[in-house]
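For reference, work.pdb is printed below; it contains PDB, C-alpha atoms.
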ATOM      1  CA  ARG Q   1     -12.417  -8.541   7.789
ATOM      2  CA  ASP Q   2     -14.706  -7.200   5.102
ATOM      3  CA  PHE Q   3     -18.055  -8.850   4.371
ATOM      4  CA  GLN Q   4     -20.603  -8.326   1.630
ATOM      5  CA  LYS Q   5     -23.802  -6.537   2.598
ATOM      6  CA  THR Q   6     -25.755  -9.672   1.653
ATOM      7  CA  TYR Q   7     -24.028 -11.790   4.312
ATOM      8  CA  SER Q   8     -26.619 -13.289   6.657
ATOM      9  CA  ASP Q   9     -25.514 -11.324   9.729
ATOM     10  CA  MET Q  10     -25.356  -7.926   7.998
ATOM     11  CA  GLU Q  11     -28.105  -5.352   7.419
ATOM     12  CA  GLY Q  12     -30.715  -7.061   9.600
ATOM     13  CA  GLY Q  13     -33.210  -5.050  11.585
ATOM     14  CA  ILE Q  14     -31.968  -2.766  14.344
ATOM     15  CA  SER Q  15     -31.814  -4.913  17.470
ATOM     16  CA  GLY Q  16     -30.679  -2.316  19.975
ATOM     17  CA  LEU Q  17     -28.090  -3.196  22.593
ATOM     18  CA  VAL Q  18     -28.007  -6.948  23.242
ATOM     19  CA  THR Q  19     -25.910  -8.274  26.107
ATOM     20  CA  GLY Q  20     -25.342 -11.992  26.553
ATOM     21  CA  MET Q  21     -24.841 -12.734  22.849
ATOM     22  CA  VAL Q  22     -21.500 -14.375  23.539
ATOM     23  CA  SER Q  23     -20.145 -16.609  26.276
ATOM     24  CA  ASN Q  24     -18.380 -15.034  29.234
ATOM     25  CA  LEU Q  25     -15.290 -17.028  28.226
ATOM     26  CA  LEU Q  26     -13.428 -17.126  24.916
ATOM     27  CA  GLY Q  27     -13.605 -20.379  23.002
ATOM     28  CA  GLY Q  28     -10.731 -22.796  22.588
ATOM     29  CA  ASP Q  29      -9.722 -21.015  19.367
ATOM     30  CA  GLY Q  30      -9.540 -17.681  21.177
ATOM     31  CA  ASP Q  31     -12.693 -16.311  19.522
ATOM     32  CA  PRO Q  32     -15.996 -15.220  21.101
ATOM     33  CA  VAL Q  33     -18.624 -17.982  21.219
ATOM     34  CA  TYR Q  34     -22.158 -17.074  20.104
ATOM     35  CA  ILE Q  35     -24.679 -18.532  22.563
ATOM     36  CA  LEU Q  36     -28.089 -17.104  21.596
ATOM     37  CA  ALA Q  37     -30.592 -18.726  19.249
ATOM     38  CA  GLY Q  38     -30.035 -18.059  15.543
ATOM     39  CA  GLY Q  39     -32.511 -16.885  12.964
ATOM     40  CA  GLY Q  40     -30.962 -13.930  11.145
ATOM     41  CA  SER Q  41     -33.104 -10.801  11.160
ATOM     42  CA  ASN Q  42     -35.568 -12.510  13.529
ATOM     43  CA  ALA Q  43     -32.911 -13.411  16.102
ATOM     44  CA  VAL Q  44     -32.345 -11.248  19.160
ATOM     45  CA  GLY Q  45     -28.793 -10.386  18.095
ATOM     46  CA  ARG Q  46     -29.583 -10.448  14.350
ATOM     47  CA  VAL Q  47     -27.246 -13.412  13.801
ATOM     48  CA  GLN Q  48     -28.134 -16.351  11.562
ATOM     49  CA  SER Q  49     -26.338 -19.046  13.555
ATOM     50  CA  ALA Q  50     -23.285 -19.892  15.623
ATOM     51  CA  ALA Q  51     -21.637 -21.005  12.367
ATOM     52  CA  SER Q  52     -22.269 -17.678  10.619
ATOM     53  CA  PHE Q  53     -20.935 -15.847  13.677
ATOM     54  CA  GLN Q  54     -17.778 -17.979  13.669
ATOM     55  CA  ALA Q  55     -16.819 -16.405  10.334
ATOM     56  CA  TRP Q  56     -16.708 -12.940  11.897
ATOM     57  CA  TYR Q  57     -13.259 -13.579  13.358
ATOM     58  CA  ASP Q  58     -11.932 -16.338  11.094
ATOM     59  CA  ASP Q  59     -10.536 -15.973   7.574
ATOM     60  CA  VAL Q  60     -13.087 -17.620   5.266
ATOM     61  CA  PRO Q  61     -12.221 -17.295   1.556
ATOM     62  CA  GLY Q  62     -15.222 -16.169  -0.466
ATOM     63  CA  THR Q  63     -17.033 -15.022   2.676
ATOM     64  CA  ASN Q  64     -14.698 -12.359   4.035
ATOM     65  CA  ILE Q  65     -11.480 -10.565   3.124
ATOM     66  CA  PRO Q  66      -8.850  -9.782   5.802
ATOM     67  CA  ILE Q  67      -7.492  -6.215   5.630
ATOM     68  CA  ASN Q  68      -4.842  -4.699   7.894
ATOM     69  CA  GLN Q  69      -4.763  -0.972   8.625
ATOM     70  CA  VAL Q  70      -3.654   1.409  11.388
ATOM     71  CA  ILE Q  71      -5.401   3.902  13.639
ATOM     72  CA  THR Q  72      -3.672   6.229  16.106
ATOM     73  CA  PHE Q  73      -4.542   6.713  19.763
ATOM     74  CA  THR Q  74      -3.355  10.140  20.951
ATOM     75  CA  GLU Q  75      -2.574  11.180  24.504
ATOM     76  CA  THR Q  76      -5.493  13.335  25.640
ATOM     77  CA  VAL Q  77      -3.328  15.702  27.717
ATOM     78  CA  PRO Q  78       0.471  15.820  27.466
ATOM     79  CA  GLY Q  79       1.981  13.485  30.038
ATOM     80  CA  ASN Q  80      -1.257  12.111  31.501
ATOM     81  CA  GLY Q  81      -0.823   8.603  30.068
ATOM     82  CA  LEU Q  82      -4.435   8.441  28.828
ATOM     83  CA  TYR Q  83      -4.773   7.661  25.124
ATOM     84  CA  GLN Q  84      -7.819   8.037  22.888
ATOM     85  CA  PHE Q  85      -9.011   7.332  19.377
ATOM     86  CA  SER Q  86     -12.342   8.926  18.460
ATOM     87  CA  ASN Q  87     -14.106   8.902  15.092
ATOM     88  CA  SER Q  88     -17.841   9.464  14.582
ATOM     89  CA  SER Q  89     -17.492   8.441  10.932
ATOM     90  CA  PHE Q  90     -15.426   5.284  11.319
ATOM     91  CA  PHE Q  91     -15.078   3.700   7.885
ATOM     92  CA  PRO Q  92     -11.464   2.472   7.724
ATOM     93  CA  ILE Q  93     -11.871   0.172   4.720
ATOM     94  CA  ASP Q  94     -13.840   2.327   2.281
ATOM     95  CA  GLY Q  95     -13.146   1.124  -1.245
ATOM     96  CA  LEU Q  96     -11.296  -1.979  -0.041
ATOM     97  CA  GLY Q  97     -12.212  -5.656   0.101
ATOM     98  CA  PHE Q  98     -15.632  -6.114  -1.463
ATOM     99  CA  GLY Q  99     -15.839  -2.336  -1.865
ATOM    100  CA  ASN Q 100     -18.658  -0.005  -0.860
ATOM    101  CA  GLU Q 101     -21.260  -1.996  -2.847
ATOM    102  CA  GLY Q 102     -23.112   1.103  -4.016
ATOM    103  CA  ASN Q 103     -23.110   2.749  -0.575
ATOM    104  CA  PRO Q 104     -21.282   5.936   0.439
ATOM    105  CA  HIS Q 105     -19.107   3.810   2.750
ATOM    106  CA  ASN Q 106     -18.121   0.208   3.390
ATOM    107  CA  TYR Q 107     -20.455  -0.547   6.296
ATOM    108  CA  HIS Q 108     -19.902  -4.275   6.783
ATOM    109  CA  PHE Q 109     -16.736  -5.396   8.545
ATOM    110  CA  THR Q 110     -15.332  -6.905  11.726
ATOM    111  CA  MET Q 111     -12.036  -6.338  13.483
ATOM    112  CA  GLU Q 112     -10.102  -7.830  16.358
ATOM    113  CA  MET Q 113      -7.098  -7.090  18.549
ATOM    114  CA  ARG Q 114      -5.145  -9.739  20.418
ATOM    115  CA  THR Q 115      -2.434  -8.430  22.694
ATOM    116  CA  SER Q 116      -1.184  -8.408  26.294
ATOM    117  CA  PHE Q 117      -0.194  -5.889  28.931
ATOM    118  CA  THR Q 118       1.402  -5.559  32.341
ATOM    119  CA  TYR Q 119      -1.219  -4.616  34.904
ATOM    120  CA  GLN Q 120      -0.657  -1.523  37.008
ATOM    121  CA  ALA Q 121      -3.162  -0.104  39.490
ATOM    122  CA  GLY Q 122      -5.517   2.486  38.062
ATOM    123  CA  GLN Q 123      -5.651   1.198  34.481
ATOM    124  CA  THR Q 124      -8.940   1.611  32.622
ATOM    125  CA  PHE Q 125     -10.449   0.995  29.191
ATOM    126  CA  SER Q 126     -13.638   2.625  27.913
ATOM    127  CA  PHE Q 127     -15.523   2.451  24.632
ATOM    128  CA  THR Q 128     -18.391   4.250  22.920
ATOM    129  CA  GLY Q 129     -19.607   3.121  19.523
ATOM    130  CA  ASP Q 130     -21.544   0.778  17.270
ATOM    131  CA  ASP Q 131     -22.233  -1.922  16.479
ATOM    132  CA  ASP Q 132     -20.987  -4.971  18.438
ATOM    133  CA  LEU Q 133     -18.001  -4.618  20.782
ATOM    134  CA  TRP Q 134     -16.630  -7.174  23.226
ATOM    135  CA  VAL Q 135     -13.490  -6.961  25.344
ATOM    136  CA  PHE Q 136     -11.961  -9.950  27.134
ATOM    137  CA  ILE Q 137      -9.170  -9.797  29.703
ATOM    138  CA  ASN Q 138      -7.533 -13.142  30.500
ATOM    139  CA  GLY Q 139     -10.211 -14.715  28.309
ATOM    140  CA  LYS Q 140     -13.063 -13.356  30.447
ATOM    141  CA  LEU Q 141     -15.692 -10.921  29.159
ATOM    142  CA  VAL Q 142     -15.382  -7.449  30.710
ATOM    143  CA  ILE Q 143     -17.242  -5.248  28.171
ATOM    144  CA  ASP Q 144     -20.414  -6.519  26.469
ATOM    145  CA  LEU Q 145     -22.011  -4.282  23.817
ATOM    146  CA  GLY Q 146     -23.556  -6.725  21.349
ATOM    147  CA  GLY Q 147     -26.218  -6.111  18.731
ATOM    148  CA  ILE Q 148     -26.989  -3.701  15.896
ATOM    149  CA  HIS Q 149     -27.493  -0.393  17.653
ATOM    150  CA  GLY Q 150     -26.567   3.264  17.857
ATOM    151  CA  ALA Q 151     -23.562   4.371  19.862
ATOM    152  CA  GLU Q 152     -23.454   2.677  23.278
ATOM    153  CA  SER Q 153     -20.881   3.050  26.055
ATOM    154  CA  ALA Q 154     -19.166   0.828  28.595
ATOM    155  CA  SER Q 155     -15.937   0.834  30.567
ATOM    156  CA  VAL Q 156     -13.848  -1.396  32.773
ATOM    157  CA  ASN Q 157     -11.672  -0.423  35.724
ATOM    158  CA  LEU Q 158      -8.996  -3.081  35.868
ATOM    159  CA  ASP Q 159      -8.655  -2.624  39.629
ATOM    160  CA  THR Q 160     -11.964  -4.518  39.965
ATOM    161  CA  LEU Q 161     -10.705  -7.661  38.210
ATOM    162  CA  GLY Q 162      -8.470  -9.103  40.906
ATOM    163  CA  LEU Q 163      -5.292  -8.724  38.852
ATOM    164  CA  THR Q 164      -1.823  -8.608  40.393
ATOM    165  CA  ALA Q 165       0.351  -5.572  39.663
ATOM    166  CA  GLY Q 166       3.377  -6.413  37.547
ATOM    167  CA  GLN Q 167       1.881  -9.551  36.012
ATOM    168  CA  THR Q 168       1.142  -9.978  32.293
ATOM    169  CA  HIS Q 169      -2.445 -10.494  31.128
ATOM    170  CA  SER Q 170      -4.127 -11.016  27.762
ATOM    171  CA  PHE Q 171      -6.375  -8.366  26.180
ATOM    172  CA  ASP Q 172      -8.684  -9.301  23.305
ATOM    173  CA  LEU Q 173     -11.034  -6.841  21.581
ATOM    174  CA  PHE Q 174     -13.663  -7.792  18.988
ATOM    175  CA  PHE Q 175     -15.697  -5.270  16.988
ATOM    176  CA  ALA Q 176     -18.302  -5.457  14.218
ATOM    177  CA  GLU Q 177     -19.891  -2.802  12.008
ATOM    178  CA  ARG Q 178     -22.989  -4.417  10.503
ATOM    179  CA  HIS Q 179     -25.474  -1.788   9.341
ATOM    180  CA  THR Q 180     -25.907   1.484   7.490
ATOM    181  CA  THR Q 181     -25.658   4.370   8.043
ATOM    182  CA  GLU Q 182     -23.537   5.230  11.101
ATOM    183  CA  SER Q 183     -20.244   3.926  12.450
ATOM    184  CA  ASN Q 184     -18.822   5.299  15.691
ATOM    185  CA  PHE Q 185     -15.636   4.204  17.427
ATOM    186  CA  LYS Q 186     -14.247   5.934  20.502
ATOM    187  CA  ALA Q 187     -11.806   4.131  22.767
ATOM    188  CA  THR Q 188      -9.903   5.598  25.695
ATOM    189  CA  THR Q 189      -7.318   3.710  27.725
ATOM    190  CA  SER Q 190      -4.397   4.010  30.105
ATOM    191  CA  ILE Q 191      -3.238   0.460  29.300
ATOM    192  CA  VAL Q 192       0.136   0.104  27.565
ATOM    193  CA  PHE Q 193       0.018  -2.992  25.385
ATOM    194  CA  LYS Q 194       3.039  -5.275  25.152
ATOM    195  CA  ASN Q 195       3.361  -5.741  21.400
ATOM    196  CA  ASN Q 196       3.878  -2.031  20.735
ATOM    197  CA  VAL Q 197       6.709  -1.313  18.308
ATOM    198  CA  PRO Q 198       8.251   2.197  18.185
ATOM    199  CA  GLU Q 199       7.487   4.017  14.930
ATOM    200  CA  ALA Q 200       8.609   7.606  15.514
ATOM    201  CA  SER Q 201      10.703   8.435  18.550
ATOM    202  CA  THR Q 202       9.903  12.148  18.421
ATOM    203  CA  LEU Q 203       6.222  11.423  18.983
ATOM    204  CA  GLY Q 204       6.519   8.238  21.036
ATOM    205  CA  LEU Q 205       4.444   6.322  18.506
ATOM    206  CA  PHE Q 206       4.069   2.585  18.891
ATOM    207  CA  SER Q 207       1.910   0.086  17.013
ATOM    208  CA  LEU Q 208      -0.510  -2.552  18.244
ATOM    209  CA  GLY Q 209      -0.990  -5.780  16.334
ATOM    210  CA  LEU Q 210      -4.677  -5.805  15.509
ATOM    211  CA  VAL Q 211      -5.872  -8.590  13.220
ATOM    212  CA  GLY Q 212      -8.245  -8.686  10.279
ATOM    213  CA  ALA Q 213      -9.436  -5.148   9.703
ATOM    214  CA  ILE Q 214      -7.281  -2.645  11.486
ATOM    215  CA  GLY Q 215      -4.131  -1.962  13.475
ATOM    216  CA  ALA Q 216      -3.438   0.804  15.964
ATOM    217  CA  SER Q 217      -0.745   3.063  17.347
ATOM    218  CA  LEU Q 218      -0.389   5.357  20.329
ATOM    219  CA  ALA Q 219       0.964   8.897  20.025
ATOM    220  CA  ARG Q 220       2.276  10.969  22.914
ATOM    221  CA  ARG Q 221       1.444  14.646  22.574
ATOM    222  CA  LYS Q 222       4.298  17.130  22.572
ATOM    223  CA  LYS Q 223       4.182  19.553  25.473
TER     224      LYS Q 223
END
Take the structure from the file and write it as structure tokens.
Amino acid sequence: RDFQKTYSDMEGGISGLVTGMVSNLLGGDGDPVYILAGGGSNAVGRVQSAASFQAWYDDVPGTNIPINQVITFTETVPGNGLYQFSNSSFFPIDGLGFGNEGNPHNYHFTMEMRTSFTYQAGQTFSFTGDDDLWVFINGKLVIDLGGIHGAESASVNLDTLGLTAGQTHSFDLFFAERHTTESNFKATTSIVFKNNVPEASTLGLFSLGLVGAIGASLARRKK
């Protein structure tokens, strides 16, 4: 979802990495729940209020504009089953929504992915980027990289979560880009998500249903 740069939670001071901004459990609507004190640029997470945060992952006419796009995760080595998307200049909605507002890029947007997967031993998900990034598996927080900050990294080994092989689990990712002038997004995973739809059989492409700002696909390298 695209936001204007004047929105209360955008372009505040640099907070650095802030963990604990959101509850360890998703809310009843399936969205993250902001739990710190508000106050905009004076707040720890540079968020005006729980109400302003709620708009990050809800469609609010006049406040944000939902935009759907696609990114491609590519197998890092042919046949290894590890897929990656990496972009150190991640501006997927330049010129869209409210536009760039006089900036070189559109710096103010959120995105989310809601999907599921079948757990198999050895699966991992890792992320490096900015700004906010939260990942929930079965509605529980497993990666917590809140705040307006430079590129930060975290990963989760699904073997540590007490999951049962062969069972289906939910995977929810929430991202926000809130400040000039950098935007980094690098995600690496061995998880195969359930709502993938084949796009090109010669490359083994399949799409993920990401909501609001961006979609994704996985591409298997040719040997």
List as number ranges by chain the protein and nucleic acid residues near Gly97 (chain Q), meaning an atom at most 9 Å away when all atoms listed in the file are counted, but skip any in the same chain fewer than 3 places from it. Q: 1-4, 64-67, 93-94, 100, 106
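A straight line drawn from CA of Ala55 (chain Q) to CA of His108 (chain Q) is 13.0 Å long.
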Output the residue selection produced by the PyMOL selection byres ((chain Q and resi 119) around 12) on the file above, formatted as a ChimeraX atom specification. /Q:116-118,120-124,137-138,157-171,190-194
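Straight-line separation from CA of Gly12 (chain Q) to CA of Asp29 (chain Q): 27.0 Å.
Pairwise distance (CA of Leu36 (chain Q), CA of Leu17 (chain Q)) equals 13.9 Å.
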Closest of Q:Asp131, Q:Leu25, Q:Asp172, Q:Phe136 to Ser153 (chain Q), counting all atoms listed in the file, is Q:Asp131
The PyMOL selection byres ((chain Q and resi 35) around 9) applied to the shown file, residues as a PyMOL selection string: chain Q and resi 20-23+33-34+36-38+50
